[in-house]
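Chemist: One structure is given below, represented as structure tokens, and several questions about it will come after.
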Amino acid sequence: METLNSIFGAINGVVWGPVMLILLLGVGLYLQAGLKLMPIRKLGEGFKLMWQGRDRKPAPGEAKSKDEDGEISPFNALMTALSATIGTGNIAGVATAIALGGPGAVFWMWITALVGMATKFSEAVLAVRYRETDSTGYHVGGPMFYIKNGLGRKWLWLGGAFAFFGAVAAFGIGNTVQSNSVADALDSTFGLPHWVTGVVIMVLAGAVILGGIKRIAKVAGKLVPIMGIAYVIAGLIVLAINAGQIGDAFGMIFYYAFNPHAAVGGFAGAAVMAAIRFGVARGVFSNEAGLGSAPIAHAAAQTKNPVRQGLIAMLGTFIDTIIVCSITALVILTAGVWETGEAGASLTALSFDAALPGMGNEVVSLALAVFAFTTILGWSFYGEKCFQFLFGTRSIMLYRVLFVLAIPLGALANLGFIWLMADTFNAMMAIPNLIALALLSPVVFKLARAYFNGEEVLPGEELDHDKS
């Protein structure tokens, strides 16, 4: 076990190291430049399309084609993607970034999000463009399919690599790690035994997961907005109490993004490179832009135009990082306790508790529980589609059952090695995806230009780049 820990530790240091973070940012910047900042300029149109896409039905006289329409509304596709991304990264990840990189890390999280909007837009465009219909009549897509259908069969091995990493990572980062986090939080706050938490989550999640994407999307479409809004409101209440410190908090964010922070109190100090590193790393971990997970959900959306779904998909990065993560960051910085040496979820809880004595731990524990539960739902679908790509449609139910049974095991286990392995495979998903995004970027640019010029590129119409 020590040997395995050493091997995965070394690999993890590379895949989550500076080279990977530069690659993620580099591809995102290239896509943002190629799209001429369209994801930022068209943010309002994205929200408009999201609202219109809450329950898409064919317009009068419009036939519902199996080649054009998916299984879930564009809105619920976004909520399914958000269910997997809004999680422990928004609570523990932000706190860790500040504890290790200082307040300046928040600025670099924002930059990562603005760049990541172009990445997420491109992922969804390609997911819808190159999706397939499986033997059960459901639409399937994601990096493995846009690699296969966009780059051609000679690249099939790369799609298989993504699917393998995704199927394995889902059991860790999207399952056992989440149930373990919930069990720890509920045990420390409410004294609830780990096994009780594990069984309850297994039953609740199993009732949703075994019903497939339509049931997952239906639950996500209700639960994600409620939990997201509730957490933001709780954060805004704290910020109202700490209103006098908000200006100073923004000042620290911008100043320490470009200047080192000296050691003070329990804070060990941080160089500018530390702020950049931890801000970018935690930002990517939170919104998953570039990892290739979200496009698997967006491929099931009821839409006939990839760009429309791309405009909706990019909102996931904006909502996750610019809104939810910013609330957490400002709560921590205005509370004045971030220099105590605490990190992770305990720092966030301490910050909420400073403004809401006796309630902070409960707020953070309940938020962690709901966020982690929805992450389990979203990642179950991601892992299932990766497994299906490798082993066929008949393997779907087997994967769902195994995924559900792993939940209580995660709540009870010591997950040191599992966390390390899952975190490593999670990052390794990004490599095939980033290669595909770079190679297929001309398709994204052409589809975007056609859409905003009022031209319609039909789903079956080949582009010059297709399978070249």
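Numbering starts fresh at 1 for the residues of each chain in the structure tokens, the chains themselves are lettered A, B, ... in the order given, and ligands are numbered from 1 as they appear.
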Run DSSP on the backbone and tell me which residues of segment 147-308 of chain A come out as alpha helix (DSSP H); list them as number ranges by chain.
Modeler: A: 147-151, 156-171, 177-190, 194-209, 213-241, 246-255, 272-287, 294-298, 306-308
Chemist: As a short mmCIF file (atom, residue, chain, number, x, y, z; two decimals) with N, CA, C and O atoms, in the first residue's frame, please: the residues near segment 197-206 of chain A (cut-off 8 Å, only C-alpha atoms, same-chain neighbours under 5 positions excluded).
Modeler:
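The resulting file, part.cif, is shown below:
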data_model
loop_
_atom_site.label_atom_id
_atom_site.label_comp_id
_atom_site.auth_asym_id
_atom_site.auth_seq_id
_atom_site.Cartn_x
_atom_site.Cartn_y
_atom_site.Cartn_z
N SER A 179 -19.74 10.69 0.28
CA SER A 179 -20.47 10.10 1.40
C SER A 179 -19.64 10.17 2.68
O SER A 179 -20.19 10.36 3.78
N VAL A 182 -19.88 13.76 4.05
CA VAL A 182 -21.17 13.98 4.71
C VAL A 182 -21.19 13.31 6.08
O VAL A 182 -21.63 13.88 7.08
N ALA A 183 -20.71 12.05 6.13
CA ALA A 183 -20.70 11.29 7.39
C ALA A 183 -19.86 12.00 8.45
O ALA A 183 -20.26 12.10 9.62
N LEU A 186 -21.80 15.31 9.59
CA LEU A 186 -22.98 15.05 10.41
C LEU A 186 -22.61 14.41 11.75
O LEU A 186 -23.30 14.61 12.75
N LEU A 192 -24.32 11.94 14.55
CA LEU A 192 -24.94 10.85 13.79
C LEU A 192 -23.88 9.84 13.38
O LEU A 192 -22.87 10.21 12.77
N PHE A 373 -24.63 15.15 -1.67
CA PHE A 373 -25.67 14.24 -2.17
C PHE A 373 -25.93 14.47 -3.65
O PHE A 373 -25.99 13.52 -4.44
N ILE A 376 -23.16 13.17 -5.84
CA ILE A 376 -23.27 11.72 -6.05
C ILE A 376 -24.22 11.43 -7.21
O ILE A 376 -23.94 10.58 -8.07
N LEU A 377 -25.33 12.15 -7.27
CA LEU A 377 -26.30 11.94 -8.35
C LEU A 377 -25.69 12.28 -9.71
O LEU A 377 -25.79 11.49 -10.67
N VAL A 404 -24.33 2.47 -6.28
CA VAL A 404 -25.17 2.69 -5.09
C VAL A 404 -24.62 1.91 -3.89
O VAL A 404 -24.57 2.43 -2.76
N LEU A 405 -24.17 0.68 -4.11
CA LEU A 405 -23.65 -0.14 -3.02
C LEU A 405 -22.35 0.42 -2.45
O LEU A 405 -22.01 0.16 -1.29
N ILE A 407 -21.74 3.51 -1.80
CA ILE A 407 -21.98 4.71 -0.98
C ILE A 407 -21.76 4.46 0.51
O ILE A 407 -20.99 5.20 1.15
N PRO A 408 -22.41 3.45 1.12
CA PRO A 408 -22.17 3.24 2.56
C PRO A 408 -20.75 2.80 2.87
O PRO A 408 -20.24 3.09 3.96
N LEU A 409 -20.10 2.11 1.94
CA LEU A 409 -18.71 1.72 2.16
C LEU A 409 -17.83 2.96 2.29
O LEU A 409 -16.92 3.01 3.11
N GLY A 410 -18.11 3.95 1.45
CA GLY A 410 -17.36 5.20 1.52
C GLY A 410 -17.57 5.92 2.84
O GLY A 410 -16.64 6.52 3.38
N ALA A 411 -18.79 5.86 3.37
CA ALA A 411 -19.09 6.55 4.63
C ALA A 411 -18.34 5.93 5.80
O ALA A 411 -18.03 6.61 6.78
N LEU A 412 -18.00 4.65 5.69
CA LEU A 412 -17.36 3.93 6.80
C LEU A 412 -15.85 3.82 6.66
O LEU A 412 -15.14 3.59 7.63
#
Chemist: Can you pull out the residues contacting Ser365 of chain A? Cut-off 9 Å, using only C-alpha atoms, and skip same-chain residues under 2 positions away; I want them as a CSV table (one decimal) with C-alpha atoms, in the first residue's frame.
Modeler:
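Done, and the output landed in part.csv:
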chain,number,residue,atom,x,y,z
A,182,VAL,CA,-21.2,14.0,4.7
A,185,ALA,CA,-19.8,16.5,9.0
A,186,LEU,CA,-23.0,15.0,10.4
A,188,SER,CA,-19.1,16.0,14.3
A,189,THR,CA,-22.1,18.4,14.3
A,345,ALA,CA,-14.6,23.1,5.7
A,349,ALA,CA,-17.8,26.8,9.4
A,360,GLY,CA,-22.3,28.3,11.6
A,361,ASN,CA,-21.4,24.7,12.0
A,362,GLU,CA,-25.0,23.6,11.3
A,363,VAL,CA,-25.3,25.8,8.2
A,367,ALA,CA,-24.9,22.6,3.0
A,368,LEU,CA,-22.1,20.0,2.7
A,369,ALA,CA,-24.6,17.2,3.1
A,370,VAL,CA,-26.9,18.5,0.3
Chemist: I'd like to know which of A:Gly344, A:Gly212, A:Gly191, A:Gly310 is closest to Ile396 of chain A, using only C-alpha atoms.
Modeler: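 Among the listed residues, the smallest separation from Ile396 of chain A belongs to A:Gly212.
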Chemist: If we count only C-alpha atoms and set the cut-off at 12 Å, which residues sit around Ala294 of chain A, ignoring sequence neighbours fewer than 5 positions away in its own chain? Please answer as a PDB file with N, CA, C and O atoms, in the first residue's frame.
Modeler:
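The result, written out as out_19.pdb:
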ATOM      1  N   ALA A  77     -30.488  19.899 -17.914  1.00  0.00           N
ATOM      2  CA  ALA A  77     -29.130  19.463 -18.263  1.00  0.00           C
ATOM      3  C   ALA A  77     -28.111  20.297 -17.498  1.00  0.00           C
ATOM      4  O   ALA A  77     -27.129  19.768 -16.960  1.00  0.00           O
ATOM      5  N   LEU A  78     -28.360  21.613 -17.430  1.00  0.00           N
ATOM      6  CA  LEU A  78     -27.472  22.492 -16.668  1.00  0.00           C
ATOM      7  C   LEU A  78     -27.529  22.153 -15.185  1.00  0.00           C
ATOM      8  O   LEU A  78     -26.497  22.109 -14.503  1.00  0.00           O
ATOM      9  N   MET A  79     -28.731  21.904 -14.654  1.00  0.00           N
ATOM     10  CA  MET A  79     -28.859  21.574 -13.241  1.00  0.00           C
ATOM     11  C   MET A  79     -28.172  20.253 -12.904  1.00  0.00           C
ATOM     12  O   MET A  79     -27.587  20.096 -11.826  1.00  0.00           O
ATOM     13  N   THR A  80     -28.232  19.282 -13.837  1.00  0.00           N
ATOM     14  CA  THR A  80     -27.539  18.011 -13.618  1.00  0.00           C
ATOM     15  C   THR A  80     -26.044  18.230 -13.566  1.00  0.00           C
ATOM     16  O   THR A  80     -25.338  17.678 -12.709  1.00  0.00           O
ATOM     17  N   ALA A  81     -25.534  19.069 -14.483  1.00  0.00           N
ATOM     18  CA  ALA A  81     -24.100  19.391 -14.472  1.00  0.00           C
ATOM     19  C   ALA A  81     -23.728  20.141 -13.195  1.00  0.00           C
ATOM     20  O   ALA A  81     -22.687  19.864 -12.578  1.00  0.00           O
ATOM     21  N   LEU A  82     -24.572  21.093 -12.790  1.00  0.00           N
ATOM     22  CA  LEU A  82     -24.301  21.847 -11.562  1.00  0.00           C
ATOM     23  C   LEU A  82     -24.385  20.961 -10.325  1.00  0.00           C
ATOM     24  O   LEU A  82     -23.689  21.199  -9.334  1.00  0.00           O
ATOM     25  N   SER A  83     -25.252  19.948 -10.364  1.00  0.00           N
ATOM     26  CA  SER A  83     -25.377  19.051  -9.208  1.00  0.00           C
ATOM     27  C   SER A  83     -24.045  18.367  -8.913  1.00  0.00           C
ATOM     28  O   SER A  83     -23.733  18.060  -7.757  1.00  0.00           O
ATOM     29  N   ALA A  84     -23.256  18.127  -9.970  1.00  0.00           N
ATOM     30  CA  ALA A  84     -21.962  17.482  -9.785  1.00  0.00           C
ATOM     31  C   ALA A  84     -20.863  18.470  -9.439  1.00  0.00           C
ATOM     32  O   ALA A  84     -19.883  18.114  -8.781  1.00  0.00           O
ATOM     33  N   THR A  85     -21.004  19.731  -9.883  1.00  0.00           N
ATOM     34  CA  THR A  85     -19.927  20.702  -9.654  1.00  0.00           C
ATOM     35  C   THR A  85     -20.093  21.499  -8.366  1.00  0.00           C
ATOM     36  O   THR A  85     -19.100  21.821  -7.707  1.00  0.00           O
ATOM     37  N   ILE A  86     -21.331  21.863  -8.009  1.00  0.00           N
ATOM     38  CA  ILE A  86     -21.530  22.572  -6.740  1.00  0.00           C
ATOM     39  C   ILE A  86     -21.433  21.548  -5.629  1.00  0.00           C
ATOM     40  O   ILE A  86     -22.324  20.721  -5.447  1.00  0.00           O
ATOM     41  N   THR A 119     -14.200  27.237 -22.179  1.00  0.00           N
ATOM     42  CA  THR A 119     -13.967  25.795 -22.207  1.00  0.00           C
ATOM     43  C   THR A 119     -15.276  25.038 -22.080  1.00  0.00           C
ATOM     44  O   THR A 119     -15.553  24.098 -22.838  1.00  0.00           O
ATOM     45  N   LYS A 120     -16.100  25.442 -21.112  1.00  0.00           N
ATOM     46  CA  LYS A 120     -17.382  24.751 -20.878  1.00  0.00           C
ATOM     47  C   LYS A 120     -18.322  24.935 -22.066  1.00  0.00           C
ATOM     48  O   LYS A 120     -19.044  24.000 -22.443  1.00  0.00           O
ATOM     49  N   PHE A 121     -18.324  26.119 -22.666  1.00  0.00           N
ATOM     50  CA  PHE A 121     -19.121  26.364 -23.871  1.00  0.00           C
ATOM     51  C   PHE A 121     -18.711  25.389 -24.974  1.00  0.00           C
ATOM     52  O   PHE A 121     -19.552  24.734 -25.590  1.00  0.00           O
ATOM     53  N   SER A 122     -17.419  25.279 -25.210  1.00  0.00           N
ATOM     54  CA  SER A 122     -16.904  24.423 -26.280  1.00  0.00           C
ATOM     55  C   SER A 122     -17.208  22.954 -26.014  1.00  0.00           C
ATOM     56  O   SER A 122     -17.558  22.197 -26.943  1.00  0.00           O
ATOM     57  N   GLU A 123     -17.078  22.526 -24.756  1.00  0.00           N
ATOM     58  CA  GLU A 123     -17.374  21.134 -24.403  1.00  0.00           C
ATOM     59  C   GLU A 123     -18.819  20.780 -24.737  1.00  0.00           C
ATOM     60  O   GLU A 123     -19.099  19.720 -25.313  1.00  0.00           O
ATOM     61  N   ALA A 124     -19.745  21.660 -24.375  1.00  0.00           N
ATOM     62  CA  ALA A 124     -21.162  21.379 -24.615  1.00  0.00           C
ATOM     63  C   ALA A 124     -21.501  21.423 -26.104  1.00  0.00           C
ATOM     64  O   ALA A 124     -22.303  20.618 -26.597  1.00  0.00           O
ATOM     65  N   VAL A 125     -20.912  22.366 -26.833  1.00  0.00           N
ATOM     66  CA  VAL A 125     -21.134  22.460 -28.281  1.00  0.00           C
ATOM     67  C   VAL A 125     -20.728  21.149 -28.951  1.00  0.00           C
ATOM     68  O   VAL A 125     -21.476  20.572 -29.759  1.00  0.00           O
ATOM     69  N   LEU A 126     -19.551  20.652 -28.608  1.00  0.00           N
ATOM     70  CA  LEU A 126     -19.065  19.412 -29.212  1.00  0.00           C
ATOM     71  C   LEU A 126     -19.865  18.203 -28.741  1.00  0.00           C
ATOM     72  O   LEU A 126     -20.091  17.255 -29.504  1.00  0.00           O
ATOM     73  N   ALA A 127     -20.317  18.227 -27.482  1.00  0.00           N
ATOM     74  CA  ALA A 127     -21.101  17.106 -26.952  1.00  0.00           C
ATOM     75  C   ALA A 127     -22.405  16.935 -27.706  1.00  0.00           C
ATOM     76  O   ALA A 127     -22.808  15.812 -28.035  1.00  0.00           O
ATOM     77  N   VAL A 128     -23.093  18.042 -27.993  1.00  0.00           N
ATOM     78  CA  VAL A 128     -24.356  17.976 -28.728  1.00  0.00           C
ATOM     79  C   VAL A 128     -24.100  17.688 -30.207  1.00  0.00           C
ATOM     80  O   VAL A 128     -24.817  16.916 -30.844  1.00  0.00           O
ATOM     81  N   GLY A 141     -23.353  11.215 -25.104  1.00  0.00           N
ATOM     82  CA  GLY A 141     -22.301  12.060 -25.646  1.00  0.00           C
ATOM     83  C   GLY A 141     -21.297  12.428 -24.582  1.00  0.00           C
ATOM     84  O   GLY A 141     -21.368  11.962 -23.449  1.00  0.00           O
ATOM     85  N   GLY A 142     -20.373  13.275 -24.944  1.00  0.00           N
ATOM     86  CA  GLY A 142     -19.302  13.671 -24.047  1.00  0.00           C
ATOM     87  C   GLY A 142     -17.973  13.554 -24.765  1.00  0.00           C
ATOM     88  O   GLY A 142     -17.926  13.259 -25.968  1.00  0.00           O
ATOM     89  N   PRO A 143     -16.867  13.768 -24.067  1.00  0.00           N
ATOM     90  CA  PRO A 143     -15.557  13.737 -24.712  1.00  0.00           C
ATOM     91  C   PRO A 143     -15.267  12.450 -25.482  1.00  0.00           C
ATOM     92  O   PRO A 143     -14.674  12.495 -26.557  1.00  0.00           O
ATOM     93  N   GLY A 166     -12.801   8.306 -16.298  1.00  0.00           N
ATOM     94  CA  GLY A 166     -14.069   8.814 -15.783  1.00  0.00           C
ATOM     95  C   GLY A 166     -14.828   7.788 -14.967  1.00  0.00           C
ATOM     96  O   GLY A 166     -15.381   8.103 -13.905  1.00  0.00           O
ATOM     97  N   ASN A 287     -15.292  24.068 -10.509  1.00  0.00           N
ATOM     98  CA  ASN A 287     -16.216  24.186 -11.656  1.00  0.00           C
ATOM     99  C   ASN A 287     -15.996  23.132 -12.736  1.00  0.00           C
ATOM    100  O   ASN A 287     -16.803  23.018 -13.663  1.00  0.00           O
ATOM    101  N   GLU A 288     -14.890  22.373 -12.653  1.00  0.00           N
ATOM    102  CA  GLU A 288     -14.614  21.241 -13.553  1.00  0.00           C
ATOM    103  C   GLU A 288     -14.491  21.634 -15.027  1.00  0.00           C
ATOM    104  O   GLU A 288     -14.583  20.774 -15.913  1.00  0.00           O
ATOM    105  N   ALA A 289     -14.289  22.916 -15.329  1.00  0.00           N
ATOM    106  CA  ALA A 289     -14.126  23.331 -16.726  1.00  0.00           C
ATOM    107  C   ALA A 289     -12.848  22.722 -17.288  1.00  0.00           C
ATOM    108  O   ALA A 289     -11.774  22.928 -16.740  1.00  0.00           O
ATOM    109  N   ALA A 299     -25.105  16.542 -23.278  1.00  0.00           N
ATOM    110  CA  ALA A 299     -25.382  15.762 -24.485  1.00  0.00           C
ATOM    111  C   ALA A 299     -26.797  15.200 -24.489  1.00  0.00           C
ATOM    112  O   ALA A 299     -27.326  14.849 -25.550  1.00  0.00           O
ATOM    113  N   ALA A 300     -27.429  15.122 -23.316  1.00  0.00           N
ATOM    114  CA  ALA A 300     -28.787  14.580 -23.227  1.00  0.00           C
ATOM    115  C   ALA A 300     -29.856  15.669 -23.337  1.00  0.00           C
ATOM    116  O   ALA A 300     -31.049  15.387 -23.230  1.00  0.00           O
ATOM    117  N   ALA A 301     -29.453  16.905 -23.584  1.00  0.00           N
ATOM    118  CA  ALA A 301     -30.401  18.030 -23.609  1.00  0.00           C
ATOM    119  C   ALA A 301     -31.297  17.997 -24.844  1.00  0.00           C
ATOM    120  O   ALA A 301     -30.878  17.585 -25.930  1.00  0.00           O
ATOM    121  N   GLN A 309     -27.061  25.181 -26.511  1.00  0.00           N
ATOM    122  CA  GLN A 309     -26.752  24.448 -25.283  1.00  0.00           C
ATOM    123  C   GLN A 309     -25.411  24.879 -24.716  1.00  0.00           C
ATOM    124  O   GLN A 309     -25.216  24.903 -23.502  1.00  0.00           O
ATOM    125  N   GLY A 310     -24.471  25.266 -25.594  1.00  0.00           N
ATOM    126  CA  GLY A 310     -23.190  25.771 -25.123  1.00  0.00           C
ATOM    127  C   GLY A 310     -23.341  27.047 -24.327  1.00  0.00           C
ATOM    128  O   GLY A 310     -22.673  27.244 -23.305  1.00  0.00           O
ATOM    129  N   ILE A 312     -25.887  27.890 -22.585  1.00  0.00           N
ATOM    130  CA  ILE A 312     -26.462  27.524 -21.290  1.00  0.00           C
ATOM    131  C   ILE A 312     -25.405  26.846 -20.419  1.00  0.00           C
ATOM    132  O   ILE A 312     -25.288  27.127 -19.220  1.00  0.00           O
ATOM    133  N   ALA A 313     -24.616  25.974 -21.037  1.00  0.00           N
ATOM    134  CA  ALA A 313     -23.621  25.212 -20.282  1.00  0.00           C
ATOM    135  C   ALA A 313     -22.580  26.111 -19.620  1.00  0.00           C
ATOM    136  O   ALA A 313     -22.156  25.852 -18.488  1.00  0.00           O
ATOM    137  N   MET A 314     -22.167  27.183 -20.312  1.00  0.00           N
ATOM    138  CA  MET A 314     -21.113  28.046 -19.759  1.00  0.00           C
ATOM    139  C   MET A 314     -21.567  28.738 -18.478  1.00  0.00           C
ATOM    140  O   MET A 314     -20.745  29.176 -17.668  1.00  0.00           O
ATOM    141  N   LEU A 315     -22.882  28.822 -18.252  1.00  0.00           N
ATOM    142  CA  LEU A 315     -23.400  29.418 -17.026  1.00  0.00           C
ATOM    143  C   LEU A 315     -23.014  28.603 -15.799  1.00  0.00           C
ATOM    144  O   LEU A 315     -22.943  29.128 -14.693  1.00  0.00           O
ATOM    145  N   GLY A 316     -22.767  27.298 -16.007  1.00  0.00           N
ATOM    146  CA  GLY A 316     -22.382  26.451 -14.888  1.00  0.00           C
ATOM    147  C   GLY A 316     -21.119  26.949 -14.214  1.00  0.00           C
ATOM    148  O   GLY A 316     -21.029  27.010 -12.984  1.00  0.00           O
ATOM    149  N   THR A 317     -20.137  27.354 -15.016  1.00  0.00           N
ATOM    150  CA  THR A 317     -18.881  27.880 -14.474  1.00  0.00           C
ATOM    151  C   THR A 317     -19.105  29.219 -13.788  1.00  0.00           C
ATOM    152  O   THR A 317     -18.561  29.481 -12.709  1.00  0.00           O
ATOM    153  N   THR A 375     -23.903  15.844  -5.745  1.00  0.00           N
ATOM    154  CA  THR A 375     -22.693  15.467  -6.480  1.00  0.00           C
ATOM    155  C   THR A 375     -22.701  13.973  -6.787  1.00  0.00           C
ATOM    156  O   THR A 375     -22.319  13.552  -7.881  1.00  0.00           O
ATOM    157  N   GLY A 378     -25.066  13.444  -9.814  1.00  0.00           N
ATOM    158  CA  GLY A 378     -24.497  13.865 -11.087  1.00  0.00           C
ATOM    159  C   GLY A 378     -23.388  12.954 -11.556  1.00  0.00           C
ATOM    160  O   GLY A 378     -23.344  12.547 -12.725  1.00  0.00           O
ATOM    161  N   TRP A 379     -22.492  12.589 -10.642  1.00  0.00           N
ATOM    162  CA  TRP A 379     -21.364  11.748 -11.026  1.00  0.00           C
ATOM    163  C   TRP A 379     -21.777  10.313 -11.320  1.00  0.00           C
ATOM    164  O   TRP A 379     -21.069   9.602 -12.052  1.00  0.00           O
ATOM    165  N   PHE A 381     -24.243   9.513 -13.155  1.00  0.00           N
ATOM    166  CA  PHE A 381     -24.563   9.541 -14.578  1.00  0.00           C
ATOM    167  C   PHE A 381     -23.293   9.640 -15.418  1.00  0.00           C
ATOM    168  O   PHE A 381     -23.158   8.963 -16.444  1.00  0.00           O
ATOM    169  N   TYR A 382     -22.333  10.463 -14.974  1.00  0.00           N
ATOM    170  CA  TYR A 382     -21.072  10.575 -15.708  1.00  0.00           C
ATOM    171  C   TYR A 382     -20.365   9.216 -15.786  1.00  0.00           C
ATOM    172  O   TYR A 382     -19.931   8.777 -16.857  1.00  0.00           O
ATOM    173  N   GLY A 383     -20.242   8.569 -14.632  1.00  0.00           N
ATOM    174  CA  GLY A 383     -19.570   7.271 -14.596  1.00  0.00           C
ATOM    175  C   GLY A 383     -20.294   6.221 -15.411  1.00  0.00           C
ATOM    176  O   GLY A 383     -19.669   5.406 -16.103  1.00  0.00           O
ATOM    177  N   LYS A 385     -22.180   6.632 -18.106  1.00  0.00           N
ATOM    178  CA  LYS A 385     -21.984   6.833 -19.551  1.00  0.00           C
ATOM    179  C   LYS A 385     -20.570   6.428 -19.979  1.00  0.00           C
ATOM    180  O   LYS A 385     -20.379   5.913 -21.078  1.00  0.00           O
ATOM    181  N   MET A 429      -8.611  12.714 -16.581  1.00  0.00           N
ATOM    182  CA  MET A 429      -9.713  12.873 -17.532  1.00  0.00           C
ATOM    183  C   MET A 429      -9.481  14.087 -18.428  1.00  0.00           C
ATOM    184  O   MET A 429      -9.907  14.123 -19.584  1.00  0.00           O
ATOM    185  N   ALA A 430      -8.828  15.098 -17.863  1.00  0.00           N
ATOM    186  CA  ALA A 430      -8.658  16.357 -18.587  1.00  0.00           C
ATOM    187  C   ALA A 430      -7.736  16.224 -19.794  1.00  0.00           C
ATOM    188  O   ALA A 430      -7.912  16.936 -20.787  1.00  0.00           O
ATOM    189  N   ASN A 433      -9.493  15.136 -22.985  1.00  0.00           N
ATOM    190  CA  ASN A 433     -10.488  16.163 -23.287  1.00  0.00           C
ATOM    191  C   ASN A 433      -9.846  17.428 -23.844  1.00  0.00           C
ATOM    192  O   ASN A 433     -10.333  18.003 -24.830  1.00  0.00           O
TER     193      ASN A 433
END
Chemist: Could you give me, as a PyMOL selection string, the residues within 8 Å of segment 156-160 of chain A, counting only C-alpha atoms and dropping anything in the same chain fewer than 2 positions from it?
Modeler: chain A and resi 143-145+147-148+152-154+162-164+389-390+432
Chemist: Would you output that residue set with N, CA and C atoms, as a CSV table (one decimal), in the first residue's frame?
Modeler:
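File produced: again-v9.csv:
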chain,number,residue,atom,x,y,z
A,143,PRO,N,-16.9,13.8,-24.1
A,143,PRO,CA,-15.6,13.7,-24.7
A,143,PRO,C,-15.3,12.5,-25.5
A,144,MET,N,-15.7,11.3,-24.9
A,144,MET,CA,-15.4,10.0,-25.6
A,144,MET,C,-16.1,10.0,-27.0
A,145,PHE,N,-17.2,10.6,-27.1
A,145,PHE,CA,-18.0,10.6,-28.3
A,145,PHE,C,-17.5,11.7,-29.3
A,147,ILE,N,-14.5,12.7,-29.4
A,147,ILE,CA,-13.2,12.2,-29.9
A,147,ILE,C,-13.5,11.2,-31.0
A,148,LYS,N,-14.4,10.2,-30.7
A,148,LYS,CA,-14.7,9.2,-31.7
A,148,LYS,C,-15.3,9.7,-33.0
A,152,GLY,N,-12.3,10.9,-35.5
A,152,GLY,CA,-12.3,9.7,-36.3
A,152,GLY,C,-11.9,8.5,-35.5
A,153,ARG,N,-12.0,7.3,-36.0
A,153,ARG,CA,-11.8,6.1,-35.3
A,153,ARG,C,-10.4,5.9,-34.9
A,154,LYS,N,-9.4,6.5,-35.6
A,154,LYS,CA,-8.0,6.3,-35.2
A,154,LYS,C,-7.7,6.9,-33.9
A,162,PHE,N,-10.3,8.3,-21.8
A,162,PHE,CA,-11.2,9.3,-21.0
A,162,PHE,C,-12.2,8.5,-20.3
A,163,ALA,N,-12.9,7.6,-21.0
A,163,ALA,CA,-14.0,6.8,-20.4
A,163,ALA,C,-13.5,6.0,-19.2
A,164,PHE,N,-12.3,5.4,-19.3
A,164,PHE,CA,-11.8,4.6,-18.2
A,164,PHE,C,-11.5,5.4,-17.0
A,389,PHE,N,-19.8,3.4,-22.6
A,389,PHE,CA,-18.9,3.5,-23.8
A,389,PHE,C,-18.0,2.4,-23.9
A,390,LEU,N,-17.5,1.9,-22.7
A,390,LEU,CA,-16.5,0.8,-22.7
A,390,LEU,C,-17.1,-0.6,-22.8
A,432,PRO,N,-7.2,13.8,-22.3
A,432,PRO,CA,-7.8,13.5,-23.6
A,432,PRO,C,-8.8,14.6,-24.0
Chemist: In segment 90-255 of chain A, what's strand (DSSP E or B) per DSSP? Answer as a list of chain:residue names?
Modeler: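 Put together, the selection reads A:Glu132, A:Thr133, A:His139, A:Val140.
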Chemist: Given the selection you just returned, output its residues as a file containing C-alpha atoms, formatted as a CSV table (one decimal), in the first residue's frame.
Modeler:
chain,number,residue,atom,x,y,z
A,132,GLU,CA,-25.2,9.4,-30.6
A,133,THR,CA,-28.4,7.5,-29.9
A,139,HIS,CA,-28.8,10.3,-26.5
A,140,VAL,CA,-25.3,9.8,-25.3
Chemist: Please measure the separation of atom CA of Ile253 of chain A and atom CA of Pro39 of chain A, giving the value in Å to one decimal.
Modeler: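 Between atom CA of Ile253 of chain A and atom CA of Pro39 of chain A the gap is 24.2 Å.
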Chemist: How close does segment 254-373 of chain A get to segment 95-105 of chain A? List, as a Markdown table, each residue of segment 254-373 of chain A within 7 Å, its nearest atom pair and the distance in Å to one decimal, counting only C-alpha atoms.
Modeler:
| residue | atom | partner | partner_atom | distance |
| --- | --- | --- | --- | --- |
| A:Phe254 | CA | A:Gly104 | CA | 6.2 |
| A:Tyr255 | CA | A:Gly104 | CA | 6.9 |
| A:Tyr256 | CA | A:Gly104 | CA | 4.3 |
| A:Ala257 | CA | A:Gly104 | CA | 3.7 |
| A:His261 | CA | A:Gly102 | CA | 6.8 |
| A:Phe267 | CA | A:Ala99 | CA | 6.9 |
| A:Ala270 | CA | A:Gly101 | CA | 5.4 |
| A:Ala274 | CA | A:Gly101 | CA | 4.9 |
| A:Ala275 | CA | A:Gly101 | CA | 4.1 |
| A:Ile276 | CA | A:Ala105 | CA | 5.9 |
| A:Phe278 | CA | A:Ala97 | CA | 5.1 |
| A:Gly279 | CA | A:Ala105 | CA | 4.1 |
| A:Arg282 | CA | A:Ala97 | CA | 6.3 |
| A:Trp338 | CA | A:Ala99 | CA | 6.7 |
| A:Ala343 | CA | A:Thr96 | CA | 5.3 |
| A:Gly344 | CA | A:Thr96 | CA | 4.9 |
| A:Ala345 | CA | A:Ala95 | CA | 6.8 |
| A:Leu347 | CA | A:Ala95 | CA | 6.2 |
| A:Thr348 | CA | A:Ala95 | CA | 6.2 |
Chemist: Excluding Gly53 of chain A and its own-chain neighbours fewer than 6 positions away, which residues fall within 7 Å of it when counting only C-alpha atoms? Please give them as a PyMOL selection string.
Modeler: chain A and resi 73-75
Chemist: Calculated over only C-alpha atoms, which of the candidates A:Arg215, A:His298, A:Arg400, A:Arg277 has the smallest distance to Asn175 of chain A?
Modeler: A:Arg400
Chemist: What gap, in Å, lies between atom CA of Asn453 of chain A and atom CA of Ala118 of chain A?
Modeler: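 Answer for the atom CA of Asn453 of chain A to atom CA of Ala118 of chain A separation: 18.9 Å.
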